[in-house]
Every structure is written in C-alpha cells, then in structure tokens.
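Pasting upload30.cif here (mmCIF, C-alpha atoms and all ligand atoms):
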```cif
data_run
loop_
_atom_site.label_atom_id
_atom_site.label_comp_id
_atom_site.auth_asym_id
_atom_site.auth_seq_id
_atom_site.Cartn_x
_atom_site.Cartn_y
_atom_site.Cartn_z
CA MET G 279 88.12 98.95 131.85
CA ASP G 280 91.10 100.19 133.88
CA LEU G 281 91.42 103.96 133.46
CA SER G 282 94.57 104.43 135.56
CA TYR G 283 98.16 104.68 134.31
CA THR G 284 101.25 103.08 135.82
CA ALA G 285 104.15 105.23 137.08
CA ALA G 286 106.18 104.19 133.99
CA GLU G 287 103.34 105.28 131.70
CA GLU G 288 103.10 108.65 133.47
CA ARG G 289 106.88 109.07 133.04
CA PHE G 290 106.49 108.33 129.34
CA ARG G 291 103.78 111.00 129.13
CA SER G 292 105.86 113.69 130.88
CA GLU G 293 108.93 112.92 128.77
CA LEU G 294 106.89 113.20 125.58
CA ARG G 295 105.15 116.37 126.78
CA ARG G 296 108.51 117.98 127.49
CA TRP G 297 109.80 116.94 124.05
CA LEU G 298 106.75 118.40 122.31
CA GLU G 299 107.11 121.66 124.24
CA ALA G 300 110.78 121.89 123.23
CA HIS G 301 110.10 120.99 119.56
CA PRO G 302 106.92 122.77 118.43
CA PRO G 303 106.12 121.99 114.77
CA GLY G 304 105.44 125.61 113.82
CA PRO G 305 102.58 126.83 111.58
CA GLU G 306 101.53 124.64 108.62
CA PRO G 307 102.35 126.15 105.21
CA GLY G 308 99.47 126.46 102.74
CA ALA G 309 101.07 125.46 99.42
CA LEU G 310 101.12 121.69 98.80
CA ASP G 311 104.85 121.23 98.09
CA ALA G 312 105.83 123.25 101.15
CA TRP G 313 103.23 121.39 103.25
CA VAL G 314 104.60 117.98 102.15
CA ALA G 315 108.18 119.03 102.99
CA TYR G 316 107.01 120.40 106.36
CA GLY G 317 104.99 117.21 107.13
CA LYS G 318 107.93 114.96 106.27
CA ALA G 319 110.35 117.00 108.37
CA TRP G 320 107.97 116.97 111.36
CA GLN G 321 107.41 113.19 111.18
CA ARG G 322 111.15 112.53 110.65
CA GLY G 323 111.96 114.64 113.75
CA LEU G 324 109.50 112.56 115.81
CA TYR G 325 110.97 109.35 114.42
CA GLU G 326 114.57 110.35 115.14
CA ALA G 327 113.61 111.20 118.71
CA GLY G 328 112.02 107.73 119.07
CA TRP G 329 108.36 108.84 119.14
CA CYS G 330 107.11 107.36 115.88
CA GLY G 331 105.84 103.76 115.88
CA VAL G 332 105.64 103.72 119.68
CA HIS G 333 103.96 100.28 119.66
CA TRP G 334 105.84 98.84 116.63
CA PRO G 335 108.60 96.24 117.15
CA THR G 336 112.10 97.65 117.70
CA ALA G 337 113.45 95.31 114.99
CA TYR G 338 111.61 97.45 112.42
CA GLY G 339 112.41 100.89 113.83
CA GLY G 340 109.59 101.12 116.39
CA ARG G 341 109.92 101.87 120.10
CA GLY G 342 108.59 98.47 121.22
CA ALA G 343 106.43 100.13 123.89
CA SER G 344 102.94 99.08 124.99
CA LEU G 345 99.68 99.90 123.26
CA THR G 346 98.79 102.09 126.25
CA GLU G 347 101.90 104.18 125.58
CA GLN G 348 100.86 104.43 121.93
CA ILE G 349 97.51 105.81 123.15
CA ILE G 350 99.31 108.26 125.46
CA PHE G 351 101.32 109.38 122.42
CA GLN G 352 98.09 110.08 120.53
CA GLU G 353 96.60 111.92 123.51
CA GLU G 354 99.65 114.13 123.87
CA MET G 355 99.80 114.86 120.13
CA ALA G 356 96.14 115.94 120.23
CA ARG G 357 96.73 117.99 123.39
CA ALA G 358 99.70 119.79 121.79
CA ARG G 359 97.56 120.43 118.66
CA THR G 360 100.28 118.98 116.41
CA PRO G 361 99.53 118.56 112.71
CA GLN G 362 98.23 115.23 111.42
CA LEU G 363 101.19 112.97 110.62
CA ILE G 364 101.78 113.07 106.88
CA ASN G 365 102.19 109.32 106.45
CA LEU G 366 98.74 108.63 107.86
CA ALA G 367 97.91 105.68 105.59
CA GLY G 368 101.31 104.07 106.19
CA LEU G 369 101.22 104.51 109.96
CA THR G 370 97.61 103.52 110.58
CA MET G 371 97.06 100.89 107.87
CA GLY G 372 100.09 99.89 105.74
CA GLY G 373 102.43 99.29 108.69
CA PRO G 374 99.98 97.31 110.87
CA VAL G 375 98.99 95.21 107.82
CA LEU G 376 102.63 94.40 107.00
CA ILE G 377 103.35 93.58 110.65
CA ALA G 378 100.42 91.12 110.55
CA HIS G 379 100.71 89.67 107.03
CA GLY G 380 103.96 90.85 105.37
CA THR G 381 107.02 88.73 104.59
CA GLU G 382 110.22 89.41 106.53
CA VAL G 383 111.68 91.06 103.41
CA GLN G 384 108.64 93.34 103.07
CA LYS G 385 108.80 94.30 106.75
CA ARG G 386 112.51 95.17 106.54
CA ARG G 387 112.03 97.00 103.26
CA HIS G 388 109.12 99.20 104.31
CA LEU G 389 108.39 99.54 108.03
CA GLN G 390 111.27 101.80 109.01
CA ALA G 391 110.76 103.93 105.88
CA ILE G 392 107.07 104.38 106.81
CA LEU G 393 108.04 105.59 110.29
CA SER G 394 110.68 108.04 109.07
CA ALA G 395 108.35 109.37 106.30
CA ASP G 396 110.95 108.41 103.68
CA GLU G 397 108.05 106.53 102.05
CA ILE G 398 104.59 108.07 102.00
CA TRP G 399 101.77 105.56 101.45
CA CYS G 400 98.28 105.67 100.01
CA GLN G 401 95.36 103.25 99.88
CA GLY G 402 94.20 102.16 96.40
CA PHE G 403 90.95 100.35 97.17
CA SER G 404 87.94 102.30 95.78
CA GLU G 405 87.09 102.37 92.07
CA PRO G 406 84.41 104.25 90.11
CA ASN G 407 82.06 101.24 90.50
CA ALA G 408 83.46 99.66 93.62
CA GLY G 409 83.14 101.68 96.82
CA SER G 410 80.64 100.24 99.29
CA ASP G 411 80.70 97.05 97.22
CA LEU G 412 84.49 96.95 97.29
CA ALA G 413 84.68 93.30 96.21
CA ALA G 414 83.28 94.37 92.81
CA LEU G 415 86.64 95.97 91.95
CA LYS G 416 87.91 95.47 88.41
CA THR G 417 91.54 96.66 88.34
CA ARG G 418 93.22 93.65 86.83
CA ALA G 419 96.64 92.10 87.59
CA VAL G 420 97.97 89.30 85.38
CA LEU G 421 101.09 87.33 86.25
CA ASP G 422 103.79 87.59 83.56
CA GLY G 423 107.02 85.88 84.59
CA ASP G 424 108.06 87.34 87.94
CA ASP G 425 105.83 90.41 87.61
CA PHE G 426 102.15 91.22 87.85
CA VAL G 427 101.00 93.52 85.04
CA VAL G 428 98.36 95.92 86.38
CA ASN G 429 95.68 97.76 84.37
CA GLY G 430 92.73 99.74 85.73
CA GLN G 431 91.62 102.78 87.70
CA LYS G 432 91.25 103.77 91.35
CA VAL G 433 89.44 106.85 92.69
CA TRP G 434 89.26 108.94 95.89
CA THR G 435 92.84 107.86 96.63
CA SER G 436 93.82 110.27 99.42
CA PHE G 437 97.30 111.81 99.15
CA ALA G 438 98.21 109.75 96.02
CA ARG G 439 99.78 112.88 94.53
CA PHE G 440 102.75 112.71 96.83
CA ALA G 441 102.63 109.03 97.78
CA ASP G 442 105.58 106.73 97.06
CA TRP G 443 103.76 103.44 97.67
CA CYS G 444 100.20 102.23 97.28
CA MET G 445 98.33 99.36 98.96
CA LEU G 446 96.54 98.19 95.84
CA LEU G 447 93.64 95.76 95.63
CA VAL G 448 93.55 94.00 92.26
CA ARG G 449 91.55 91.24 90.62
CA THR G 450 93.76 88.27 89.89
CA ASP G 451 91.04 85.69 89.14
CA PRO G 452 88.03 87.06 87.26
CA GLU G 453 86.37 83.61 87.19
CA ALA G 454 86.35 83.09 90.98
CA PRO G 455 83.51 84.36 93.26
CA LYS G 456 84.17 88.10 93.68
CA HIS G 457 85.71 87.98 97.20
CA LYS G 458 88.00 85.10 96.26
CA GLY G 459 89.71 86.52 93.18
CA ILE G 460 91.34 89.59 94.79
CA SER G 461 95.02 90.09 95.68
CA PHE G 462 96.82 92.76 97.74
CA LEU G 463 99.87 94.32 96.08
CA LEU G 464 102.39 96.94 97.14
CA VAL G 465 102.90 99.23 94.17
CA ASP G 466 105.69 101.74 93.72
CA MET G 467 103.84 104.93 92.71
CA HIS G 468 106.86 106.03 90.66
CA SER G 469 106.55 102.99 88.34
CA PRO G 470 106.07 103.68 84.60
CA GLY G 471 102.36 103.59 83.69
CA VAL G 472 101.02 105.19 86.93
CA THR G 473 99.14 108.48 86.35
CA VAL G 474 97.68 110.53 89.21
CA ARG G 475 95.04 113.24 88.68
CA PRO G 476 93.90 115.39 91.63
CA LEU G 477 90.19 115.96 92.41
CA LYS G 478 89.00 119.16 94.05
CA GLN G 479 86.75 118.84 97.10
CA ILE G 480 83.90 121.06 98.32
CA SER G 481 86.29 122.38 101.02
CA GLY G 482 88.69 123.60 98.32
CA ASP G 483 91.31 120.99 99.27
CA GLU G 484 92.74 118.58 96.72
CA ASP G 485 93.48 115.54 98.89
CA PHE G 486 91.68 113.07 96.60
CA ASN G 487 92.96 111.70 93.34
CA GLU G 488 92.12 109.43 90.47
CA VAL G 489 94.94 106.95 89.82
CA PHE G 490 95.30 105.19 86.47
CA PHE G 491 97.40 102.04 85.92
CA GLU G 492 98.49 101.20 82.40
CA ASP G 493 100.63 98.04 82.01
CA VAL G 494 102.32 98.74 85.35
CA ARG G 495 104.80 95.99 86.24
CA VAL G 496 104.79 95.02 89.91
CA PRO G 497 107.28 92.40 91.15
CA ARG G 498 105.64 89.23 92.45
CA ALA G 499 107.63 89.77 95.67
CA ASN G 500 105.32 92.76 96.36
CA LEU G 501 102.32 90.48 96.85
CA VAL G 502 101.09 90.54 100.48
CA GLY G 503 99.63 87.17 101.53
CA ALA G 504 98.56 84.61 98.94
CA VAL G 505 97.44 85.14 95.34
CA ASN G 506 93.63 85.57 95.52
CA GLY G 507 93.89 85.88 99.32
CA GLY G 508 93.72 89.70 99.32
CA TRP G 509 90.19 90.09 100.70
CA ASP G 510 91.11 89.08 104.26
CA ILE G 511 94.04 91.49 104.17
CA ALA G 512 91.77 94.26 102.90
CA ILE G 513 89.46 93.60 105.85
CA THR G 514 92.41 93.86 108.31
CA THR G 515 93.26 97.20 106.67
CA LEU G 516 89.69 98.49 107.00
CA MET G 517 89.41 97.36 110.64
CA HIS G 518 92.54 99.40 111.42
CA GLU G 519 91.15 102.34 109.44
CA ARG G 520 87.84 102.23 111.31
CA GLN G 521 89.19 101.67 114.82
CA THR G 522 92.86 102.70 115.08
CA LEU G 523 92.43 105.83 112.97
CA THR G 524 89.11 106.81 114.55
CA PHE G 525 90.72 106.59 118.01
CA SER G 526 93.14 109.40 117.22
CA ARG G 527 90.48 111.39 115.37
CA GLN G 528 88.12 111.35 118.36
CA LEU G 529 90.97 112.67 120.50
CA GLN G 530 91.50 115.52 118.04
CA SER G 531 87.77 116.28 117.98
CA ARG G 532 87.76 116.54 121.79
CA VAL G 533 90.41 119.26 121.51
CA ALA G 534 88.37 120.95 118.76
CA LEU G 535 85.30 120.86 121.04
CA SER G 536 87.18 122.71 123.80
CA GLU G 537 88.14 125.35 121.23
CA LEU G 538 84.53 125.60 120.05
CA LEU G 539 83.42 126.17 123.66
CA ALA G 540 86.00 128.96 123.93
CA LEU G 541 84.57 130.53 120.74
CA ALA G 542 81.02 130.25 122.18
CA ARG G 543 82.13 132.23 125.25
CA ARG G 544 83.35 135.18 123.18
CA HIS G 545 81.14 135.26 120.05
CA PRO G 546 79.08 137.18 119.18
CA PRO G 547 80.58 139.85 121.46
CA HIS G 548 77.22 141.42 122.47
CA ALA G 549 75.41 138.12 123.29
CA PRO G 550 77.84 135.18 123.42
CA ALA G 551 76.45 131.88 122.14
CA ALA G 552 77.21 130.31 125.51
CA ARG G 553 74.32 132.37 126.92
CA GLN G 554 71.77 131.50 124.20
CA PRO G 555 69.52 128.61 125.33
CA LEU G 556 69.23 126.73 122.02
CA LEU G 557 72.94 126.94 121.28
CA ARG G 558 73.75 126.01 124.87
CA GLN G 559 71.71 122.82 124.41
CA LYS G 560 73.57 121.94 121.21
CA LEU G 561 76.93 122.60 122.83
CA ALA G 562 75.92 120.49 125.83
CA ALA G 563 74.84 117.70 123.46
CA ALA G 564 78.24 117.91 121.76
CA CYS G 565 79.95 117.53 125.16
CA ILE G 566 77.76 114.52 126.01
CA ASP G 567 78.46 112.93 122.58
CA SER G 568 82.16 113.50 123.03
CA THR G 569 82.20 111.84 126.47
CA ALA G 570 80.14 108.88 125.21
CA MET G 571 82.58 108.57 122.31
CA LYS G 572 85.58 108.62 124.62
CA TYR G 573 84.30 105.70 126.72
CA THR G 574 83.15 103.71 123.67
CA ALA G 575 86.64 104.07 122.18
CA LEU G 576 88.24 103.07 125.50
CA ARG G 577 85.95 100.02 125.77
CA ASN G 578 87.03 98.83 122.31
CA LEU G 579 90.63 99.59 123.20
CA THR G 580 90.29 97.41 126.31
CA THR G 581 89.33 94.47 124.07
CA VAL G 582 92.47 95.03 121.99
CA LEU G 583 94.63 95.40 125.13
CA ARG G 584 93.34 92.02 126.32
CA GLY G 585 94.81 90.40 123.24
CA GLY G 586 92.13 91.00 120.61
CA THR G 587 92.54 92.73 117.25
CA PRO G 588 90.42 95.58 115.90
CA GLY G 589 87.11 93.93 114.95
CA PRO G 590 83.67 94.90 113.61
CA GLU G 591 83.01 96.88 116.83
CA GLY G 592 85.26 99.53 115.25
CA SER G 593 82.25 100.30 113.02
CA ILE G 594 80.35 101.57 116.09
CA GLU G 595 83.23 103.91 116.83
CA LYS G 596 83.60 105.13 113.25
CA LEU G 597 79.83 105.64 112.78
CA PHE G 598 79.28 107.47 116.06
CA TRP G 599 82.40 109.63 115.76
CA SER G 600 81.80 110.72 112.14
CA GLU G 601 78.16 111.66 112.82
CA MET G 602 78.81 113.44 116.14
CA TYR G 603 81.71 115.34 114.55
CA GLN G 604 79.42 116.60 111.79
CA ARG G 605 76.78 117.67 114.35
CA MET G 606 79.42 119.53 116.35
CA LEU G 607 80.70 121.38 113.29
CA GLU G 608 77.18 122.27 112.17
CA THR G 609 76.72 123.85 115.61
CA ALA G 610 79.99 125.74 115.10
CA VAL G 611 78.75 127.17 111.80
CA GLU G 612 75.37 128.06 113.31
CA LEU G 613 77.14 129.79 116.18
CA GLU G 614 79.27 131.86 113.78
CA GLY G 615 76.18 132.97 111.85
CA PRO G 616 77.06 135.13 108.82
CA TYR G 617 80.76 134.90 109.74
CA SER G 618 80.65 131.26 108.65
CA GLN G 619 80.57 132.49 105.04
CA LEU G 620 84.07 133.88 105.48
CA LEU G 621 86.83 131.40 104.77
CA ASP G 622 90.56 131.70 105.36
CA GLY G 623 92.01 134.83 103.77
CA SER G 624 89.23 137.14 104.93
CA ALA G 625 90.34 139.63 107.56
CA HIS G 626 87.00 139.19 109.39
CA ALA G 627 86.90 135.35 109.40
CA LEU G 628 86.66 133.89 112.90
CA ASP G 629 89.55 131.60 113.87
CA ALA G 630 90.98 132.10 110.33
CA GLY G 631 87.94 130.46 108.71
CA ARG G 632 88.67 127.20 110.49
CA TRP G 633 85.11 126.15 111.46
CA PRO G 634 83.37 126.39 108.04
CA HIS G 635 86.40 124.69 106.48
CA LEU G 636 86.24 121.84 109.00
CA MET G 637 82.47 121.56 108.52
CA LEU G 638 82.81 121.21 104.75
CA TYR G 639 85.68 118.73 105.12
CA SER G 640 83.69 116.68 107.65
CA ARG G 641 81.00 115.83 105.07
CA GLY G 642 83.35 113.13 103.75
CA ARG G 643 83.85 111.55 107.18
CA THR G 644 80.53 109.67 106.99
CA ILE G 645 81.61 108.25 103.59
CA ALA G 646 85.32 107.45 104.00
CA ALA G 647 86.26 104.00 105.35
CA GLY G 648 82.72 102.83 104.53
CA SER G 649 79.60 105.02 104.61
CA SER G 650 77.27 105.26 107.62
CA GLU G 651 74.79 102.92 105.90
CA ILE G 652 77.53 100.32 105.44
CA GLN G 653 78.66 100.69 109.07
CA ARG G 654 75.05 100.18 110.20
CA ASN G 655 74.85 97.01 108.11
CA ILE G 656 78.11 95.73 109.66
CA ILE G 657 76.92 96.52 113.19
CA ALA G 658 73.58 94.81 112.53
CA GLU G 659 75.06 91.67 110.99
CA ARG G 660 78.46 91.17 112.62
CA VAL G 661 78.10 92.82 116.03
CA LEU G 662 74.40 92.23 116.83
CA GLY G 663 74.06 88.99 114.82
CA LEU G 664 70.92 90.12 112.99
CA PRO G 665 69.99 88.42 109.68
CA ARG G 666 72.19 89.37 106.71
CA ALA G 667 70.97 91.95 104.16
CA ARG G 668 70.36 90.35 100.76
C1 LIG K 701 87.40 111.69 102.88
C2 LIG K 701 87.49 110.45 102.04
C3 LIG K 701 88.71 109.80 101.87
C4 LIG K 701 88.78 108.65 101.11
N1 LIG K 701 90.02 108.08 100.92
C5 LIG K 701 90.11 106.94 100.20
C6 LIG K 701 91.40 106.34 99.98
O1 LIG K 701 92.44 106.85 100.39
N2 LIG K 701 91.45 105.18 99.29
C7 LIG K 701 90.32 104.57 98.79
O2 LIG K 701 90.44 103.49 98.22
N3 LIG K 701 89.09 105.14 98.95
C8 LIG K 701 88.97 106.31 99.63
N4 LIG K 701 87.73 106.90 99.79
C9 LIG K 701 86.57 106.32 99.13
C10 LIG K 701 85.57 105.66 100.08
O3 LIG K 701 86.06 104.46 100.60
C11 LIG K 701 84.26 105.44 99.30
O4 LIG K 701 83.78 106.73 98.91
C12 LIG K 701 83.20 104.75 100.12
O5 LIG K 701 83.56 103.41 100.34
C13 LIG K 701 81.80 104.79 99.44
O6 LIG K 701 81.90 104.33 98.13
P1 LIG K 701 81.32 105.18 96.91
O7 LIG K 701 81.84 106.58 97.01
O8 LIG K 701 81.61 104.43 95.66
O9 LIG K 701 79.74 105.26 97.13
P2 LIG K 701 78.68 104.13 96.78
O10 LIG K 701 79.19 102.80 97.22
O11 LIG K 701 78.27 104.28 95.36
O12 LIG K 701 77.48 104.52 97.72
C14 LIG K 701 76.55 105.57 97.39
C15 LIG K 701 75.48 105.62 98.45
O13 LIG K 701 74.74 104.38 98.48
C16 LIG K 701 74.75 103.83 99.80
N5 LIG K 701 74.86 102.37 99.75
C17 LIG K 701 75.69 101.65 98.93
N6 LIG K 701 75.52 100.32 99.17
C18 LIG K 701 74.61 100.21 100.18
C19 LIG K 701 74.03 99.11 100.89
N7 LIG K 701 74.40 97.84 100.63
N8 LIG K 701 73.11 99.35 101.85
C20 LIG K 701 72.75 100.65 102.14
N9 LIG K 701 73.24 101.74 101.48
C21 LIG K 701 74.19 101.53 100.53
C22 LIG K 701 75.99 104.42 100.45
O14 LIG K 701 75.88 104.43 101.86
C23 LIG K 701 76.04 105.82 99.86
O15 LIG K 701 75.19 106.67 100.57
C24 LIG K 701 87.61 108.09 100.51
C25 LIG K 701 86.39 108.75 100.66
C26 LIG K 701 86.31 109.91 101.39
C27 LIG K 701 84.98 110.60 101.50
#
```

How would this structure read if it were set down as structure tokens?
Ligand SMILES: Cc1cc2nc3c(=O)[nH]c(=O)nc-3n(C[C@H](O)[C@H](O)[C@H](O)COP(=O)(O)OP(=O)(O)OC[C@H]3O[C@@H](n4cnc5c(N)ncnc54)[C@H](O)[C@@H]3O)c2cc1C
Amino acid sequence: MDLSYTAAEERFRSELRRWLEAHPPGPEPGALDAWVAYGKAWQRGLYEAGWCGVHWPTAYGGRGASLTEQIIFQEEMARARTPQLINLAGLTMGGPVLIAHGTEVQKRRHLQAILSADEIWCQGFSEPNAGSDLAALKTRAVLDGDDFVVNGQKVWTSFARFADWCMLLVRTDPEAPKHKGISFLLVDMHSPGVTVRPLKQISGDEDFNEVFFEDVRVPRANLVGAVNGGWDIAITTLMHERQTLTFSRQLQSRVALSELLALARRHPPHAPAARQPLLRQKLAAACIDSTAMKYTALRNLTTVLRGGTPGPEGSIEKLFWSEMYQRMLETAVELEGPYSQLLDGSAHALDAGRWPHLMLYSRGRTIAAGSSEIQRNIIAERVLGLPRAR
C-alpha cells in the first residue's frame, strides 16, 4: 500500500480545497422540497466546476482523473463537512453500473444527467419478501412488443419520492432457477402506473418508500445487459454499494469522531467525559476502530487501484464500518446522558440534537446493503472459502 501522493495529486487537493472554501454550501434546509432543491443546486455547482464524476470518463461528463483523485475528492468533501450528494444512488451505483454494463445509448442518455443532478436515481431491489434473499423477488416484467410491462412492489426504496429514475430488478422468467430469471431495467419514475408512498423511520426522517408498479410500460431499450442476465449486474451494484459507498462513509465518520472528541472535552461542563475513565476507554476504542477501518479501506482500495474491481472484500469494510459507527454513536449518546433525549428544536439540545439523531439513523446501517449476518456469510464463503451455508 503506497500512502504518498504525487505532486499533481497534491495540486488537485489544494485546488479543490480552495474551491470548497470559496463556495461553501450553506446550511441544509429542513423541509423536503427545499432540501431537494438545495441538494440539486449544490451538486450542479460541483458538476459545473468539474468536480463531479472525478474518475468518470470525460466522454460522459466526468473529469477523467485517477481513482486516487476521486478518493482525494471524497476526503476533501468530508473534511469540509459538505452535505451528502443528493444523487447518491446514481453516483455510487447507477453510474458505475452503466459504465460497466450499459449500452452506448444508455451511457450518453444518463451519465451526464446523473452527474449534474438533472436526474436523481433510486435503487429498486428489495421487496416485502425479498431482502436478504434478494433473488426471491417477484416483481414481474413481461415483454409486450417493444416494451416490458411491469407489475409488483418494492420497499425501503431510499429517496424514491424525488427520484427520476430507478434501477429496477424484475423477474422475467418465473420458470428458471431464481437467480437466472431476473433482469435489470431502468425505469422512469414519472411513468404512468408508478406510485410512491413514504415510510417514516425511527429517526423521524422519511427517506424510505414503498413503490408500486401497475402495468408500467418500460421500453426494451432500458434493459441493462441481457434478458434474464440481471443477477450479475445486481451483484456489481451491491459491490459498489458495499465498497465505494462505504469508503466515503468511513471518511465522514472520521470527521464525526473528531467532533465527538471535541464534545467530550466540553461536556458535561463540571466533569468532562474526556476525564471519565470508562468513557475515555470507549472513546479510545472508537479511535482505534476508526484507524483500523481507515487502513482496511485503503487496503481494499489498493486492490482496485491495481486493476481489480470492488469484490466480496467490500463486505468486510461494510460490516466493520456499520458496527463501529453504531458503537461510536452509542458512546455519544451515553456521553450526553439525559441531554440525549433532546432532539433538534430543543433550546437545550447539544449540537442541535445531532448525536441522538445520528444514533437512531445508524440502526439501519447494519441492515442496508445486506445485513451484518449476510455480510458475515459472504466473508465466510467468498473471502475465507469456508463451506457454503445451506
Ligand atoms: C437505511 C436503509 C436503506 C435502504 N435502502 C434501500 C434501497 O434504496 N433500495 C432497496 O432495494 N433496498 C433498500 N434497503 C433494504 C435493505 O436492502 C434490506 O432491508 C436488507 O437487504 C434486509 O432485508 P429485509 O429487510 O427484508 O430483512 P430480512 O431479509 O427479512 O432479514 C431479517 C433478519 O434475518 C436475518 N437473515 C436473513 N437471512 C439470513 C441468513 N441467510 N443467514 C443469517 N441471517 C439471516 C437478517 O440478517 C435480518 O436480521 C434499505 C435498508 C435500510 C435499512
């Protein structure tokens, strides 16, 4: 693992840092519509300045820079505490999947629009009875002339409420073995027959949705890969979700940890947590976890830099990050004591109620992109080569 940067990479970093200092995104609005408009404007500004899709080909609107520069971009975004990019699913999954498997027409149609946030994407994989066992999905697509006709239901679809496009897994051959009868479609979320219903989470957010498809016509040209060849494409998507997305999340959690340490030095005012032995141990453990995470992520990144693609090792990253993040936030709530009952809006909430909100939100991190149990199975079978679970 080479941890040094070239002079050109350092120049890239300083140029980006200067740009971020000159163009701060400003505070995030609370109401959904305003937040969507704000998120789109922020991503569009980055795109127009040439910072979005750092590693994507220039032919499709990217910067054509190296993967290392893409990583520097993520580091600087975390350092500047910028908001999460609104087109998360498009940037971390949809785009990379189209670059790997899309037709030229699909690439030209979508990649630039993903970067500029003109098209927001969502991921329509999970169903009420197909989460961990994703290949059990039942949403049906039947070819009728030049269109697929889609009927069925998805659930937990993050950001579907304001998404324009959906990466949809559908069953196209119900007679085939379950992994071999699935296709991967790109569905316009504004098509007639698509209904989105928000679901409220324990944190109070409404990021999740149920999405219903009733006789939705999807042009055959929106098929990615071959008919019934969708499973391999779904796996590419999940590998990117587990590794590429986790990489930026672990950077953000390192920044959050430094802010938690700052809180520990000042709260409670009479006996700061940083001086209490048990809390000190938990904070030290969080620092150790965070450092171990950093080098694990860099080791996996080295494999990709040497020409590999995100593989099952991403499960190690996703499992370790999601569990250490929860432990860190539980420590934050313990440190706040009774103040952790005060959410945003209360004049006495610490850091505007940020820590209890993050802790509640983090419960889903060990479920999303495959639960911890599923990651452990993948690590056992595909990384360590242990016998397969029956
Ligand atoms: C924050 C968040 C965002 C999400 N966003 C999206 C999205 O945008 N798009 C989308 O399609 N989905 C999304 N999901 C859904 C997510 O992919 C599923 O929740 C996840 O795959 C688990 O499926 P499930 O909820 O059906 O649980 P189940 O599969 O029913 O699992 C229930 C429990 O059983 C355990 N279990 C199941 N099978 C096994 C096994 N073989 N061995 C051991 N234990 C097992 C699980 O670990 C879990 O604890 C999101 C979920 C979360 C929490």

Closest-contact table, chain G side, partner ligand LIG 701 (chain K), 8 Å, counting all atoms listed in the file, as CSV:
```
residue,atom,partner,partner_atom,distance
G:Ala367,CA,K:LIG701,O1,7.6
G:Cys400,CA,K:LIG701,O1,6.0
G:Gln401,CA,K:LIG701,N2,4.4
G:Gly402,CA,K:LIG701,O2,4.4
G:Phe403,CA,K:LIG701,O2,3.3
G:Ser404,CA,K:LIG701,O2,3.7
G:Glu405,CA,K:LIG701,O8,6.9
G:Pro406,CA,K:LIG701,O8,6.2
G:Asn407,CA,K:LIG701,O8,6.1
G:Ala408,CA,K:LIG701,O8,5.5
G:Gly409,CA,K:LIG701,O6,3.2
G:Ser410,CA,K:LIG701,O10,3.6
G:Asp411,CA,K:LIG701,O10,5.9
G:Leu412,CA,K:LIG701,O5,7.2
G:Lys432,CA,K:LIG701,O2,6.9
G:Val433,CA,K:LIG701,N3,6.5
G:Trp434,CA,K:LIG701,C8,4.6
G:Thr435,CA,K:LIG701,O1,3.9
G:Ser436,CA,K:LIG701,O1,3.8
G:Phe437,CA,K:LIG701,O1,7.1
G:Ala438,CA,K:LIG701,O1,7.8
G:Phe486,CA,K:LIG701,N1,6.8
G:Tyr639,CA,K:LIG701,C1,7.6
G:Ser640,CA,K:LIG701,C1,7.8
G:Arg641,CA,K:LIG701,C27,7.5
G:Gly642,CA,K:LIG701,C27,3.8
G:Arg643,CA,K:LIG701,C1,5.6
G:Thr644,CA,K:LIG701,C27,7.1
G:Ile645,CA,K:LIG701,C27,4.6
G:Ala646,CA,K:LIG701,C26,3.7
G:Ala647,CA,K:LIG701,O3,4.8
G:Gly648,CA,K:LIG701,O5,4.3
G:Ser649,CA,K:LIG701,O14,4.7
G:Ser650,CA,K:LIG701,O14,6.0
G:Glu651,CA,K:LIG701,O14,4.4
G:Ile652,CA,K:LIG701,O14,5.7
G:Asn655,CA,K:LIG701,N8,6.9
G:Ala667,CA,K:LIG701,N7,7.7
```

Name all residues at most 10 Å from Pro335 in chain G (count all atoms listed in the file; drop same-chain ones fewer than 5 positions away) and give them as a ChimeraX atom specification.
-> /G:340-343,377,389

Emit the selected residues as a tab-separated table (two decimals), in the coordinates of the input, including C-alpha atoms.
```tsv
chain	number	residue	atom	x	y	z
G	340	GLY	CA	109.59	101.12	116.39
G	341	ARG	CA	109.92	101.87	120.10
G	342	GLY	CA	108.59	98.47	121.22
G	343	ALA	CA	106.43	100.13	123.89
G	377	ILE	CA	103.35	93.58	110.65
G	389	LEU	CA	108.39	99.54	108.03
```

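Each of G:Val420, G:Leu376, G:Ala562, G:Met279 was compared to Arg449 in chain G using only C-alpha atoms, and G:Val420 turns out to be the nearest.
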
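If you look at CA of Lys318 in chain G and CA of Trp443 in chain G, they are 15.0 Å away from each other.
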
Please indicate the distance in Å from CA of Ile594 in chain G to CA of Leu523 in chain G, rounded to one decimal place.
->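 So the two atoms, CA of Ile594 in chain G and CA of Leu523 in chain G, lie 13.2 Å apart.
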
Just give me the gap between CA of Val496 in chain G and CA of Leu415 in chain G in Å, one decimal is fine.
->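 Rounded to one decimal, the two atoms are 18.3 Å apart.
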
Starting from 5 Å padding per side, set up an axis-aligned box that covers all listed atoms of range 425-432 of chain G and hand over centre and edge lengths in Å, one decimal, as AutoDock Vina command-line options.
```
--center_x 98.5 --center_y 97.1 --center_z 87.9 --size_x 24.6 --size_y 23.4 --size_z 17.0
```

Can you list every residue of range 485-589 of chain G that has an atom at most 9 Å from range 445-448 of chain G, with its nearest atom pair and the distance in Å to one decimal, using only C-alpha atoms, ordered by chain then number, as a tab-separated table?
```
residue	atom	partner	partner_atom	distance
G:Gly508	CA	G:Leu447	CA	7.1
G:Trp509	CA	G:Leu447	CA	8.4
G:Ala512	CA	G:Leu447	CA	7.7
```

Residues as selected, C-alpha atoms, written as a PDB file, keeping the file's coordinate frame, can you do that?
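The result, stored in part_7.pdb:
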```pdb
ATOM      1  CA  GLY G 508      93.720  89.700  99.320  1.00  0.00           C
ATOM      2  CA  TRP G 509      90.190  90.090 100.700  1.00  0.00           C
ATOM      3  CA  ALA G 512      91.770  94.260 102.900  1.00  0.00           C
TER       4      ALA G 512
END
```

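Closest to Trp399 in chain G among G:Arg418, G:His379, G:Arg498, G:His468 is G:His468, based on only C-alpha atoms.
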